[in-house]
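**Q** Got a file for you: protein.tsv, TSV, C-alpha atoms and all ligand atoms.
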```tsv
chain	number	residue	atom	x	y	z
I	25	MET	CA	-0.82	-13.74	-27.89
I	26	GLY	CA	-3.97	-13.24	-25.88
I	27	VAL	CA	-5.21	-10.29	-23.86
I	28	LYS	CA	-3.07	-9.14	-20.90
I	29	TRP	CA	-4.63	-8.57	-17.50
I	30	TYR	CA	-2.33	-5.58	-16.86
I	31	ASP	CA	0.31	-4.51	-19.35
I	32	PHE	CA	3.27	-3.19	-17.31
I	33	GLY	CA	5.32	-2.92	-20.50
I	34	ALA	CA	2.82	-0.45	-21.93
I	35	GLU	CA	2.71	1.41	-18.61
I	36	GLN	CA	6.50	1.77	-18.50
I	37	ALA	CA	6.68	2.79	-22.16
I	38	GLU	CA	4.19	5.54	-21.42
I	39	LEU	CA	6.14	6.79	-18.39
I	40	GLY	CA	9.36	6.75	-20.39
I	41	SER	CA	12.47	8.40	-19.02
I	42	GLU	CA	10.64	10.03	-16.10
I	43	LEU	CA	10.50	6.63	-14.44
I	44	SER	CA	14.15	5.71	-14.97
I	45	GLU	CA	15.23	9.20	-13.88
I	46	ALA	CA	13.25	8.89	-10.64
I	47	ILE	CA	14.84	5.52	-9.86
I	48	ALA	CA	18.30	6.81	-10.76
I	49	ARG	CA	17.77	9.77	-8.42
I	50	VAL	CA	17.17	7.41	-5.48
I	51	LEU	CA	20.21	5.27	-6.33
I	52	LYS	CA	22.36	8.38	-6.54
I	53	ASN	CA	21.10	9.68	-3.23
I	54	SER	CA	21.37	6.21	-1.65
I	55	GLN	CA	19.10	7.01	1.24
I	56	PHE	CA	16.62	4.18	0.89
I	57	ILE	CA	14.46	4.61	4.01
I	58	ARG	CA	12.85	7.80	5.40
I	59	GLY	CA	14.29	10.19	2.86
I	60	PRO	CA	13.18	13.04	0.60
I	61	GLU	CA	11.10	10.95	-1.86
I	62	VAL	CA	8.88	9.59	0.92
I	63	ARG	CA	8.43	13.05	2.43
I	64	ALA	CA	7.58	14.50	-0.99
I	65	PHE	CA	5.17	11.69	-1.84
I	66	GLU	CA	3.43	12.03	1.53
I	67	SER	CA	2.77	15.71	0.96
I	68	GLU	CA	1.75	15.18	-2.68
I	69	TRP	CA	-0.63	12.34	-1.84
I	70	ALA	CA	-2.17	14.27	1.06
I	71	ALA	CA	-2.68	17.27	-1.26
I	72	TYR	CA	-4.16	15.10	-4.01
I	73	CYS	CA	-6.65	13.55	-1.56
I	74	GLY	CA	-7.43	16.86	0.09
I	75	ALA	CA	-6.29	15.54	3.47
I	76	ARG	CA	-4.05	17.29	5.99
I	77	HIS	CA	-1.72	14.35	6.64
I	78	CYS	CA	-0.33	11.32	4.87
I	79	VAL	CA	1.94	8.66	6.37
I	80	GLY	CA	3.69	6.22	4.04
I	81	LEU	CA	3.72	2.60	5.22
I	82	GLY	CA	4.86	-0.80	4.04
I	83	ASN	CA	1.61	-2.11	2.51
I	84	GLY	CA	-2.17	-1.87	2.61
I	85	LEU	CA	-2.71	-4.43	5.35
I	86	ASP	CA	-0.36	-2.55	7.69
I	87	SER	CA	-2.12	0.71	6.81
I	88	LEU	CA	-5.42	-0.77	8.02
I	89	HIS	CA	-3.89	-2.48	11.06
I	90	LEU	CA	-1.89	0.53	12.25
I	91	SER	CA	-4.92	2.81	11.73
I	92	LEU	CA	-6.90	0.65	14.15
I	93	ARG	CA	-3.99	0.50	16.63
I	94	ALA	CA	-3.53	4.27	16.42
I	95	ALA	CA	-7.20	4.68	17.33
I	96	GLY	CA	-6.60	2.54	20.43
I	97	ILE	CA	-8.59	-0.45	19.21
I	98	GLY	CA	-7.68	-3.77	20.80
I	99	VAL	CA	-8.82	-6.84	22.71
I	100	GLY	CA	-12.54	-6.90	23.51
I	101	ASP	CA	-13.45	-4.35	20.84
I	102	GLU	CA	-15.71	-5.01	17.87
I	103	VAL	CA	-14.99	-3.63	14.41
I	104	ILE	CA	-17.71	-3.77	11.76
I	105	VAL	CA	-16.49	-4.96	8.35
I	106	PRO	CA	-18.19	-5.93	5.09
I	107	ALA	CA	-18.74	-9.67	4.58
I	108	HIS	CA	-17.61	-9.25	0.99
I	109	THR	CA	-14.04	-7.94	0.76
I	110	PHE	CA	-10.43	-9.03	0.39
I	111	VAL	CA	-9.34	-10.87	3.55
I	112	ALA	CA	-6.90	-8.06	4.51
I	113	THR	CA	-9.80	-5.93	5.78
I	114	TRP	CA	-10.60	-8.62	8.35
I	115	LEU	CA	-6.98	-9.53	9.14
I	116	ALA	CA	-6.25	-5.96	10.18
I	117	VAL	CA	-8.97	-6.25	12.84
I	118	THR	CA	-7.68	-9.62	14.01
I	119	TYR	CA	-4.08	-8.33	14.19
I	120	ALA	CA	-5.24	-5.46	16.40
I	121	GLY	CA	-6.70	-8.07	18.78
I	122	ALA	CA	-10.29	-7.02	18.09
I	123	THR	CA	-13.20	-9.02	16.64
I	124	PRO	CA	-14.41	-8.51	13.07
I	125	VAL	CA	-18.21	-8.15	13.00
I	126	PRO	CA	-19.32	-8.76	9.41
I	127	VAL	CA	-22.37	-7.22	7.75
I	128	ASP	CA	-23.68	-8.00	4.29
I	129	VAL	CA	-23.16	-5.75	1.26
I	130	GLY	CA	-25.63	-4.31	-1.22
I	131	ILE	CA	-26.02	-6.30	-4.45
I	132	GLU	CA	-25.99	-3.09	-6.50
I	133	THR	CA	-23.03	-1.41	-4.82
I	134	PHE	CA	-20.91	-4.38	-3.65
I	135	THR	CA	-20.16	-2.23	-0.58
I	136	MET	CA	-21.35	-2.26	3.04
I	137	ASP	CA	-25.12	-1.92	3.42
I	138	PRO	CA	-25.58	1.15	5.68
I	139	GLU	CA	-28.81	-0.21	7.17
I	140	LYS	CA	-27.22	-3.54	8.11
I	141	PHE	CA	-24.26	-1.60	9.51
I	142	ARG	CA	-26.62	0.33	11.77
I	143	ARG	CA	-28.16	-2.88	13.09
I	144	ALA	CA	-24.74	-4.42	13.85
I	145	ILE	CA	-23.70	-1.61	16.23
I	146	THR	CA	-23.32	-2.70	19.88
I	147	PRO	CA	-21.82	-1.00	22.95
I	148	ARG	CA	-18.55	-2.78	22.08
I	149	THR	CA	-18.33	-1.36	18.55
I	150	LYS	CA	-15.17	0.77	18.36
I	151	ALA	CA	-14.73	1.20	14.61
I	152	VAL	CA	-16.17	0.44	11.19
I	153	ILE	CA	-14.22	-0.28	7.99
I	154	PRO	CA	-16.23	0.50	4.85
I	155	VAL	CA	-14.43	-0.83	1.74
I	156	ASP	CA	-14.55	0.95	-1.64
I	157	LEU	CA	-14.70	-2.36	-3.46
I	158	TYR	CA	-13.91	-2.57	-7.18
I	159	GLY	CA	-13.29	1.22	-7.16
I	160	ASN	CA	-16.84	2.11	-6.11
I	161	PRO	CA	-16.76	4.48	-3.11
I	162	ALA	CA	-18.70	3.04	-0.18
I	163	ASN	CA	-21.42	5.08	1.48
I	164	VAL	CA	-18.82	6.65	3.77
I	165	GLU	CA	-20.54	9.96	4.50
I	166	GLU	CA	-23.68	8.23	5.79
I	167	ILE	CA	-21.66	5.62	7.70
I	168	THR	CA	-19.45	8.31	9.26
I	169	GLU	CA	-22.45	10.30	10.45
I	170	GLU	CA	-23.85	7.25	12.21
I	171	ALA	CA	-20.45	6.19	13.61
I	172	HIS	CA	-19.82	9.63	15.08
I	173	ARG	CA	-23.27	9.62	16.64
I	174	HIS	CA	-22.14	6.51	18.52
I	175	ASP	CA	-18.68	7.96	19.17
I	176	PHE	CA	-16.57	5.50	17.20
I	177	ILE	CA	-14.28	5.99	14.25
I	178	VAL	CA	-14.36	5.19	10.53
I	179	VAL	CA	-11.32	3.62	8.87
I	180	GLU	CA	-11.94	3.54	5.14
I	181	ASP	CA	-10.32	0.75	3.14
I	182	ALA	CA	-9.58	2.55	-0.13
I	183	ALA	CA	-7.07	0.01	-1.46
I	184	GLN	CA	-9.09	-0.16	-4.69
I	185	ALA	CA	-10.22	3.45	-4.96
I	186	HIS	CA	-7.31	5.88	-5.52
I	187	GLY	CA	-8.76	9.07	-6.95
I	188	ALA	CA	-12.39	8.04	-6.44
I	189	ARG	CA	-14.76	10.89	-5.56
I	190	VAL	CA	-17.94	11.38	-3.62
I	191	GLY	CA	-19.44	14.59	-4.91
I	192	ALA	CA	-16.67	17.17	-4.66
I	193	ARG	CA	-14.68	15.18	-2.08
I	194	THR	CA	-11.84	12.83	-2.91
I	195	VAL	CA	-11.52	9.47	-1.14
I	196	GLY	CA	-8.86	9.94	1.52
I	197	SER	CA	-10.42	13.10	2.94
I	198	ILE	CA	-13.81	11.74	4.00
I	199	ALA	CA	-13.37	9.11	6.73
I	200	ASP	CA	-11.49	9.71	10.01
I	201	ILE	CA	-8.60	7.80	8.50
I	202	THR	CA	-8.22	6.18	5.10
I	203	ALA	CA	-5.95	3.25	4.30
I	204	PHE	CA	-4.41	2.76	0.86
I	205	SER	CA	-2.47	-0.07	-0.71
I	206	PHE	CA	-0.09	0.65	-3.58
I	207	TYR	CA	0.27	-2.99	-4.58
I	208	PRO	CA	1.49	-2.90	-8.21
I	209	ILE	CA	-1.81	-3.45	-10.03
I	210	LYS	CA	-3.92	-1.07	-7.91
I	211	ASN	CA	-5.12	2.14	-9.60
I	212	LEU	CA	-2.04	3.80	-8.13
I	213	GLY	CA	0.58	1.08	-7.80
I	214	ALA	CA	4.24	0.92	-6.79
I	215	TYR	CA	6.77	-1.59	-8.16
I	216	GLY	CA	6.69	-3.62	-4.97
I	217	ASP	CA	4.72	-3.51	-1.72
I	218	ALA	CA	3.70	-0.07	-0.45
I	219	GLY	CA	0.85	1.61	1.43
I	220	ALA	CA	-0.19	4.80	3.21
I	221	ILE	CA	-2.85	6.40	5.37
I	222	THR	CA	-4.39	9.84	5.00
I	223	THR	CA	-6.23	11.71	7.73
I	224	ASN	CA	-7.14	15.20	8.87
I	225	ARG	CA	-6.39	14.28	12.49
I	226	SER	CA	-2.81	15.05	13.52
I	227	ASP	CA	-3.08	12.77	16.59
I	228	LEU	CA	-3.85	9.75	14.39
I	229	ALA	CA	-1.16	10.64	11.83
I	230	GLU	CA	1.50	10.98	14.53
I	231	ARG	CA	0.50	7.73	16.17
I	232	VAL	CA	0.54	5.77	12.89
I	233	SER	CA	3.93	7.25	12.02
I	234	LEU	CA	5.29	6.21	15.41
I	235	LEU	CA	3.81	2.71	15.15
I	236	GLY	CA	5.26	2.14	11.69
I	237	ASN	CA	8.77	3.11	12.75
I	238	TYR	CA	9.44	0.87	15.77
I	239	GLY	CA	7.54	3.19	18.06
I	240	SER	CA	10.22	5.84	17.86
I	241	GLU	CA	10.45	9.33	16.44
I	242	VAL	CA	13.99	9.85	17.64
I	243	LYS	CA	16.35	6.95	17.00
I	244	TYR	CA	16.54	4.40	19.88
I	245	ASP	CA	13.93	6.22	21.93
I	246	HIS	CA	11.11	3.65	21.72
I	247	ARG	CA	8.13	5.27	23.38
I	248	ILE	CA	5.62	2.59	22.44
I	249	LEU	CA	5.70	-0.98	21.09
I	250	GLY	CA	5.98	-0.39	17.36
I	251	TYR	CA	6.33	-2.25	14.10
I	252	ASN	CA	8.55	-1.98	11.07
I	253	SER	CA	6.29	-0.81	8.25
I	254	ARG	CA	7.83	1.89	6.11
I	255	LEU	CA	7.29	3.13	2.60
I	256	ASP	CA	10.73	3.05	0.98
I	257	GLU	CA	12.36	5.68	-1.22
I	258	LEU	CA	12.34	3.65	-4.44
I	259	GLN	CA	8.62	2.97	-4.15
I	260	ALA	CA	7.88	6.58	-3.23
I	261	ALA	CA	9.84	7.81	-6.28
I	262	VAL	CA	7.85	5.47	-8.57
I	263	LEU	CA	4.58	6.53	-6.96
I	264	ARG	CA	5.36	10.22	-7.48
I	265	VAL	CA	5.81	9.63	-11.21
I	266	LYS	CA	2.65	7.55	-11.51
I	267	LEU	CA	0.55	9.92	-9.37
I	268	ARG	CA	0.90	12.55	-12.13
I	269	GLN	CA	-0.97	10.16	-14.46
I	270	LEU	CA	-3.63	8.96	-12.01
I	271	ASP	CA	-6.53	11.14	-13.15
I	272	ARG	CA	-5.80	10.49	-16.81
I	273	TRP	CA	-5.51	6.74	-16.21
I	274	ASN	CA	-8.70	6.66	-14.14
I	275	GLY	CA	-10.38	8.48	-17.04
I	276	ARG	CA	-9.35	5.66	-19.36
I	277	ARG	CA	-10.70	3.12	-16.90
I	278	ARG	CA	-14.06	4.96	-16.97
I	279	GLU	CA	-14.09	4.96	-20.77
I	280	ARG	CA	-13.44	1.23	-20.89
I	281	ALA	CA	-16.05	0.58	-18.19
I	282	SER	CA	-18.70	2.43	-20.18
I	283	ARG	CA	-17.74	0.46	-23.31
I	284	TYR	CA	-18.28	-2.74	-21.29
I	285	LEU	CA	-21.62	-1.48	-19.96
I	286	ASP	CA	-22.81	-0.78	-23.52
I	287	GLY	CA	-21.30	-3.84	-25.15
I	288	LEU	CA	-22.47	-6.34	-22.53
I	289	ALA	CA	-26.05	-5.09	-22.11
I	290	HIS	CA	-28.85	-7.55	-22.93
I	291	LEU	CA	-26.66	-10.67	-22.78
I	292	GLY	CA	-28.22	-12.07	-19.61
I	293	LEU	CA	-25.33	-10.97	-17.39
I	294	THR	CA	-25.80	-8.90	-14.23
I	295	LEU	CA	-23.77	-5.74	-14.78
I	296	PRO	CA	-22.77	-3.08	-12.24
I	297	SER	CA	-25.93	-1.00	-11.93
I	298	LEU	CA	-24.83	1.78	-9.62
I	299	THR	CA	-21.98	3.51	-11.40
I	300	PRO	CA	-21.53	6.94	-9.83
I	301	PRO	CA	-19.32	9.42	-11.68
I	302	GLY	CA	-16.70	9.18	-8.92
I	303	HIS	CA	-16.22	5.41	-9.49
I	304	VAL	CA	-12.65	4.52	-10.57
I	305	TRP	CA	-13.22	0.96	-11.85
I	306	HIS	CA	-10.40	-0.95	-10.21
I	307	VAL	CA	-11.94	-3.97	-11.94
I	308	PHE	CA	-15.07	-4.56	-14.02
I	309	PRO	CA	-17.26	-7.06	-12.13
I	310	ILE	CA	-20.04	-9.06	-13.79
I	311	LEU	CA	-22.30	-11.69	-12.24
I	312	HIS	CA	-23.55	-14.90	-13.83
I	313	ARG	CA	-24.93	-18.12	-12.36
I	314	ARG	CA	-22.60	-20.18	-14.56
I	315	ARG	CA	-19.58	-18.04	-13.82
I	316	ASP	CA	-17.11	-20.96	-13.69
I	317	ALA	CA	-18.12	-22.15	-17.18
I	318	LEU	CA	-17.78	-18.60	-18.52
I	319	GLN	CA	-14.33	-18.26	-16.98
I	320	ALA	CA	-13.20	-21.60	-18.45
I	321	TYR	CA	-14.45	-20.55	-21.89
I	322	LEU	CA	-12.69	-17.18	-21.68
I	323	GLU	CA	-9.46	-18.86	-20.66
I	324	SER	CA	-9.64	-21.13	-23.71
I	325	ALA	CA	-10.17	-18.02	-25.85
I	326	GLY	CA	-7.06	-16.31	-24.41
I	327	VAL	CA	-9.03	-13.85	-22.28
I	328	PRO	CA	-7.87	-13.58	-18.64
I	329	SER	CA	-10.40	-13.05	-15.86
I	330	ILE	CA	-10.20	-13.13	-12.05
I	331	ILE	CA	-12.76	-13.98	-9.36
I	332	HIS	CA	-12.85	-11.29	-6.66
I	333	TYR	CA	-13.22	-13.28	-4.37
I	334	PRO	CA	-14.13	-16.97	-4.55
I	335	VAL	CA	-14.67	-17.46	-0.78
I	336	PRO	CA	-15.98	-14.74	1.55
I	337	PRO	CA	-13.80	-14.25	4.66
I	338	HIS	CA	-16.45	-15.71	7.02
I	339	LEU	CA	-16.22	-19.06	5.19
I	340	LEU	CA	-12.41	-19.18	5.01
I	341	GLY	CA	-10.56	-21.73	7.14
I	342	ALA	CA	-8.73	-18.85	8.83
I	343	TYR	CA	-12.05	-17.56	10.21
I	344	ALA	CA	-13.64	-20.90	11.10
I	345	PRO	CA	-13.15	-20.04	14.81
I	346	LEU	CA	-15.74	-17.24	14.46
I	347	GLY	CA	-18.34	-19.96	13.77
I	348	PHE	CA	-20.18	-18.58	10.74
I	349	GLY	CA	-21.67	-21.11	8.32
I	350	PRO	CA	-22.97	-20.90	4.76
I	351	GLY	CA	-26.05	-18.69	4.51
I	352	ALA	CA	-24.89	-16.19	7.16
I	353	PHE	CA	-24.37	-13.42	4.56
I	354	PRO	CA	-26.37	-14.41	1.47
I	355	ILE	CA	-25.53	-11.48	-0.80
I	356	SER	CA	-21.80	-11.78	-0.18
I	357	GLU	CA	-22.05	-15.53	-0.78
I	358	ARG	CA	-23.95	-14.99	-4.00
I	359	ILE	CA	-21.26	-12.60	-5.24
I	360	ALA	CA	-18.58	-15.15	-4.33
I	361	HIS	CA	-20.40	-17.75	-6.47
I	362	GLU	CA	-21.25	-15.50	-9.42
I	363	GLU	CA	-18.67	-12.71	-9.73
I	364	LEU	CA	-16.09	-12.52	-12.49
I	365	SER	CA	-13.82	-9.54	-13.16
I	366	LEU	CA	-13.03	-8.79	-16.80
I	367	PRO	CA	-9.74	-7.17	-17.86
I	368	LEU	CA	-9.85	-3.42	-17.35
I	369	SER	CA	-6.80	-1.21	-17.06
I	370	PRO	CA	-5.60	2.05	-18.63
I	371	PHE	CA	-3.42	-0.12	-20.90
I	372	LEU	CA	-6.11	-2.43	-22.23
I	373	SER	CA	-6.24	-1.53	-25.92
I	374	LEU	CA	-9.68	-1.02	-27.43
I	375	GLU	CA	-8.91	-3.87	-29.87
I	376	ASP	CA	-8.23	-6.19	-26.95
I	377	GLN	CA	-11.37	-4.99	-25.22
I	378	ASP	CA	-13.36	-5.77	-28.38
I	379	GLU	CA	-11.83	-9.25	-28.24
I	380	VAL	CA	-13.10	-9.64	-24.65
I	381	LEU	CA	-16.54	-8.35	-25.67
I	382	ARG	CA	-16.75	-10.78	-28.62
I	383	SER	CA	-15.71	-13.74	-26.47
I	384	VAL	CA	-18.22	-12.98	-23.72
I	385	ALA	CA	-21.02	-12.42	-26.26
I	386	LYS	CA	-20.20	-15.70	-28.03
I	387	TRP	CA	-20.36	-17.68	-24.79
I	388	CYS	CA	-23.62	-15.98	-23.77
I	389	SER	CA	-25.26	-16.75	-27.13
I	390	GLU	CA	-24.34	-20.42	-26.78
I	391	ALA	CA	-25.02	-20.75	-23.05
V	1	LIG	C1	-5.11	-4.89	-1.94
V	1	LIG	C2	-6.08	-4.76	-0.84
V	1	LIG	C3	-5.67	-4.72	0.51
V	1	LIG	C4	-4.30	-5.05	0.98
V	1	LIG	O1	-3.25	-4.39	0.42
V	1	LIG	P1	-1.77	-4.99	0.46
V	1	LIG	O2	-0.93	-3.86	0.00
V	1	LIG	O3	-1.73	-6.18	-0.41
V	1	LIG	O4	-1.47	-5.35	1.89
V	1	LIG	C5	-6.63	-4.45	1.47
V	1	LIG	N1	-7.92	-4.28	1.14
V	1	LIG	C6	-8.35	-4.36	-0.13
V	1	LIG	C7	-9.81	-4.14	-0.42
V	1	LIG	C8	-7.45	-4.62	-1.16
V	1	LIG	O5	-7.90	-4.71	-2.42
```
Output the file's structure in the form of structure tokens.
Ligand SMILES: *Cc1c(COP(=O)(O)O)cnc(C)c1O
**A**
Amino acid sequence: MGVKWYDFGAEQAELGSELSEAIARVLKNSQFIRGPEVRAFESEWAAYCGARHCVGLGNGLDSLHLSLRAAGIGVGDEVIVPAHTFVATWLAVTYAGATPVPVDVGIETFTMDPEKFRRAITPRTKAVIPVDLYGNPANVEEITEEAHRHDFIVVEDAAQAHGARVGARTVGSIADITAFSFYPIKNLGAYGDAGAITTNRSDLAERVSLLGNYGSEVKYDHRILGYNSRLDELQAAVLRVKLRQLDRWNGRRRERASRYLDGLAHLGLTLPSLTPPGHVWHVFPILHRRRDALQAYLESAGVPSIIHYPVPPHLLGAYAPLGFGPGAFPISERIAHEELSLPLSPFLSLEDQDEVLRSVAKWCSEA
């Protein structure tokens, strides 16, 4: 049979009739866009995050892009981004017409190095996008303080960090504006594409809402050039059901992460070393010089694993025009060569996790 990366069957079994009832409610109502489920989810998600506003959008990339647009970022502006992230973080900057300015990440946090961020600031810097990679909240408070000193905004990419906390604050209430993806396998996932922003600033919330709905609040009155990026009712209904489980499911992720940390110690792997209590373990990343051999062995043993991400954005063909070569961001490049994510979800059974642990240990003892 093998271990599953994410067991949607188990997830749906756990949600039971609540899920089918929510979907049936939307079908019965037959208002599929801009209806009561989206409005309810927006207020529930804002409340959960401790933010004043939430705007549902079509996906995570749009949530980042429209956040930048709402803040007036465009051609000629620089936006600081981590060199190690999913390409969407960079694409959002490019779509806004601005230039991504990468900085390296910390090897212990996998997130933007605040000191390198400071050194990358120029008079053209108009925003910074810290990314809470793998579920580990970036150093957003420190980055925000510095950004505000220079009078530019912080757009947090929290696509992997639903429910993560920094002290008493929940991700989504810390940066000027926070972008979420609800891609199905995220910590809070829809059953299709979906995204949202949260913010305490009503001007940004209104602007994002306008941008995502063809630039109009009132039908056919297009005040600005907008886009079509809307959270739909079916996805909102699913998200409302799953949101009620988020803290419990994140708790299970933490339990499994600590079992990995114990079970994989002393095997010669580099394990996540900074694991703050607010971490929500979107994936469990390990580093090894012979990562590809480990992955091939695990595959043969029926254990799935994923590399997040094999090529850093600055070395992708899409970003060749920026002119970066190998060696520009050594820590990000090292992670790209050595990282492997092991299966970790609320539905990974402890038996299956033991199977993963045994397989990794066996390879390490023979390597
Ligand atoms: C998933 C993800 C995105 C993009 O989300 P989509 O909903 O797929 O557009 C952006 N940034 C990060 C870090 C992600 O993991």
**Q** What lies within 9 Å of Pro337 of chain I using only C-alpha atoms, ignoring chain neighbours under 3 positions off, as a list in words?
**A** Ala107, His108, Thr109, Phe110, Val111, Trp114, Leu340, Gly341, Ala342 and Tyr343 of chain I
**Q** Restrict the selected residues to C-alpha atoms and save them as a PDB file, keeping the file's coordinate frame.
**A**
```
ATOM      1  CA  ALA I 107     -18.740  -9.670   4.580  1.00  0.00           C
ATOM      2  CA  HIS I 108     -17.610  -9.250   0.990  1.00  0.00           C
ATOM      3  CA  THR I 109     -14.040  -7.940   0.760  1.00  0.00           C
ATOM      4  CA  PHE I 110     -10.430  -9.030   0.390  1.00  0.00           C
ATOM      5  CA  VAL I 111      -9.340 -10.870   3.550  1.00  0.00           C
ATOM      6  CA  TRP I 114     -10.600  -8.620   8.350  1.00  0.00           C
ATOM      7  CA  LEU I 340     -12.410 -19.180   5.010  1.00  0.00           C
ATOM      8  CA  GLY I 341     -10.560 -21.730   7.140  1.00  0.00           C
ATOM      9  CA  ALA I 342      -8.730 -18.850   8.830  1.00  0.00           C
ATOM     10  CA  TYR I 343     -12.050 -17.560  10.210  1.00  0.00           C
TER      11      TYR I 343
END
```
**Q** Using atom CA of Phe204 of chain I and atom CA of Arg315 of chain I as the two end points, give the distance in Å to one decimal.
**A**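 Atom CA of Arg315 of chain I lies at a distance of 29.6 Å from atom CA of Phe204 of chain I.
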**Q** At a cut-off of 10 Å, using only C-alpha atoms, what residues contact Thr299 of chain I? Leave out same-chain residues fewer than 6 positions from it and give the result as a CSV table (one decimal) with C-alpha atoms, in the frame of the given file.
**A**
```csv
chain,number,residue,atom,x,y,z
I,132,GLU,CA,-26.0,-3.1,-6.5
I,133,THR,CA,-23.0,-1.4,-4.8
I,159,GLY,CA,-13.3,1.2,-7.2
I,160,ASN,CA,-16.8,2.1,-6.1
I,161,PRO,CA,-16.8,4.5,-3.1
I,278,ARG,CA,-14.1,5.0,-17.0
I,281,ALA,CA,-16.0,0.6,-18.2
I,282,SER,CA,-18.7,2.4,-20.2
I,285,LEU,CA,-21.6,-1.5,-20.0
I,305,TRP,CA,-13.2,1.0,-11.8
```
**Q** Hey, which of I:Ala385, I:Ala199, I:Ala183, I:Ile355 ends up closest to Gly130 of chain I? Count all atoms listed in the file.
**A**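 Nearest to Gly130 of chain I: I:Ile355.
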**Q** Got a sec to check which residues lie within 7 Å of ligand LIG 1 (chain V), using all atoms listed in the file, and send them as a list in words?
**A**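 The distance check yields Asn83, Gly84, Leu85, Asp86, Thr109, Phe110, Ala112, Thr113, Val155, Leu157, Asp181, Ala182, Ala183, Gln184, Ser205, Phe206, Tyr207, Asp217, Ala218 and Gly219 of chain I.
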**Q** What does the structure give for the distance between atom CA of Leu43 of chain I and atom CA of Trp69 of chain I, in Å to one decimal?
**A**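 A separation of 17.8 Å between them.
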**Q** Go through I:Ala171, I:Val380, I:Ala116, I:Leu372 and flag the residue nearest Lys28 of chain I, using only C-alpha atoms for the distances.
**A**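 Distance minimum relative to Lys28 of chain I lands on I:Leu372.
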**Q** What's the separation between atom CA of Ala95 of chain I and atom CA of Glu166 of chain I, in Å to one decimal place?
**A**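 So the two atoms, atom CA of Ala95 of chain I and atom CA of Glu166 of chain I, lie 20.4 Å apart.
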**Q** For Leu92 of chain I, which residue among I:Lys150, I:Arg49, I:Arg143, I:His306 is the nearest when counting only C-alpha atoms?
**A**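 Among the listed residues, I:Lys150 lies closest to Leu92 of chain I.
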**Q** Mind dumping segment 55-65 of chain I from that block, keeping N, CA, C and O atoms, as a PDB file, in the first residue's frame?
**A**
```
ATOM      1  N   GLN I  55     -26.170  30.325  -5.082  1.00  0.00           N
ATOM      2  CA  GLN I  55     -25.479  31.594  -5.346  1.00  0.00           C
ATOM      3  C   GLN I  55     -24.004  31.242  -5.204  1.00  0.00           C
ATOM      4  O   GLN I  55     -23.511  31.052  -4.099  1.00  0.00           O
ATOM      5  N   PHE I  56     -23.299  31.138  -6.306  1.00  0.00           N
ATOM      6  CA  PHE I  56     -21.969  30.527  -6.256  1.00  0.00           C
ATOM      7  C   PHE I  56     -20.834  31.523  -6.079  1.00  0.00           C
ATOM      8  O   PHE I  56     -19.720  31.156  -5.752  1.00  0.00           O
ATOM      9  N   ILE I  57     -21.114  32.794  -6.328  1.00  0.00           N
ATOM     10  CA  ILE I  57     -20.089  33.847  -6.233  1.00  0.00           C
ATOM     11  C   ILE I  57     -20.621  34.971  -5.351  1.00  0.00           C
ATOM     12  O   ILE I  57     -21.775  35.365  -5.489  1.00  0.00           O
ATOM     13  N   ARG I  58     -19.787  35.481  -4.459  1.00  0.00           N
ATOM     14  CA  ARG I  58     -20.136  36.620  -3.592  1.00  0.00           C
ATOM     15  C   ARG I  58     -21.450  36.420  -2.845  1.00  0.00           C
ATOM     16  O   ARG I  58     -22.370  37.232  -2.941  1.00  0.00           O
ATOM     17  N   GLY I  59     -21.509  35.348  -2.091  1.00  0.00           N
ATOM     18  CA  GLY I  59     -22.715  35.056  -1.323  1.00  0.00           C
ATOM     19  C   GLY I  59     -22.428  34.946   0.159  1.00  0.00           C
ATOM     20  O   GLY I  59     -21.368  35.389   0.636  1.00  0.00           O
ATOM     21  N   PRO I  60     -23.360  34.342   0.904  1.00  0.00           N
ATOM     22  CA  PRO I  60     -23.271  34.318   2.366  1.00  0.00           C
ATOM     23  C   PRO I  60     -22.107  33.485   2.912  1.00  0.00           C
ATOM     24  O   PRO I  60     -21.592  33.807   3.986  1.00  0.00           O
ATOM     25  N   GLU I  61     -21.704  32.403   2.217  1.00  0.00           N
ATOM     26  CA  GLU I  61     -20.610  31.579   2.736  1.00  0.00           C
ATOM     27  C   GLU I  61     -19.302  32.360   2.721  1.00  0.00           C
ATOM     28  O   GLU I  61     -18.499  32.283   3.653  1.00  0.00           O
ATOM     29  N   VAL I  62     -19.061  33.099   1.644  1.00  0.00           N
ATOM     30  CA  VAL I  62     -17.827  33.889   1.543  1.00  0.00           C
ATOM     31  C   VAL I  62     -17.814  34.968   2.619  1.00  0.00           C
ATOM     32  O   VAL I  62     -16.821  35.137   3.333  1.00  0.00           O
ATOM     33  N   ARG I  63     -18.942  35.648   2.769  1.00  0.00           N
ATOM     34  CA  ARG I  63     -19.006  36.700   3.810  1.00  0.00           C
ATOM     35  C   ARG I  63     -18.764  36.101   5.197  1.00  0.00           C
ATOM     36  O   ARG I  63     -18.017  36.650   5.999  1.00  0.00           O
ATOM     37  N   ALA I  64     -19.362  34.950   5.452  1.00  0.00           N
ATOM     38  CA  ALA I  64     -19.189  34.320   6.770  1.00  0.00           C
ATOM     39  C   ALA I  64     -17.738  33.865   6.956  1.00  0.00           C
ATOM     40  O   ALA I  64     -17.149  34.079   8.021  1.00  0.00           O
ATOM     41  N   PHE I  65     -17.173  33.243   5.913  1.00  0.00           N
ATOM     42  CA  PHE I  65     -15.782  32.790   6.057  1.00  0.00           C
ATOM     43  C   PHE I  65     -14.859  33.982   6.282  1.00  0.00           C
ATOM     44  O   PHE I  65     -13.956  33.923   7.124  1.00  0.00           O
TER      45      PHE I  65
END
```
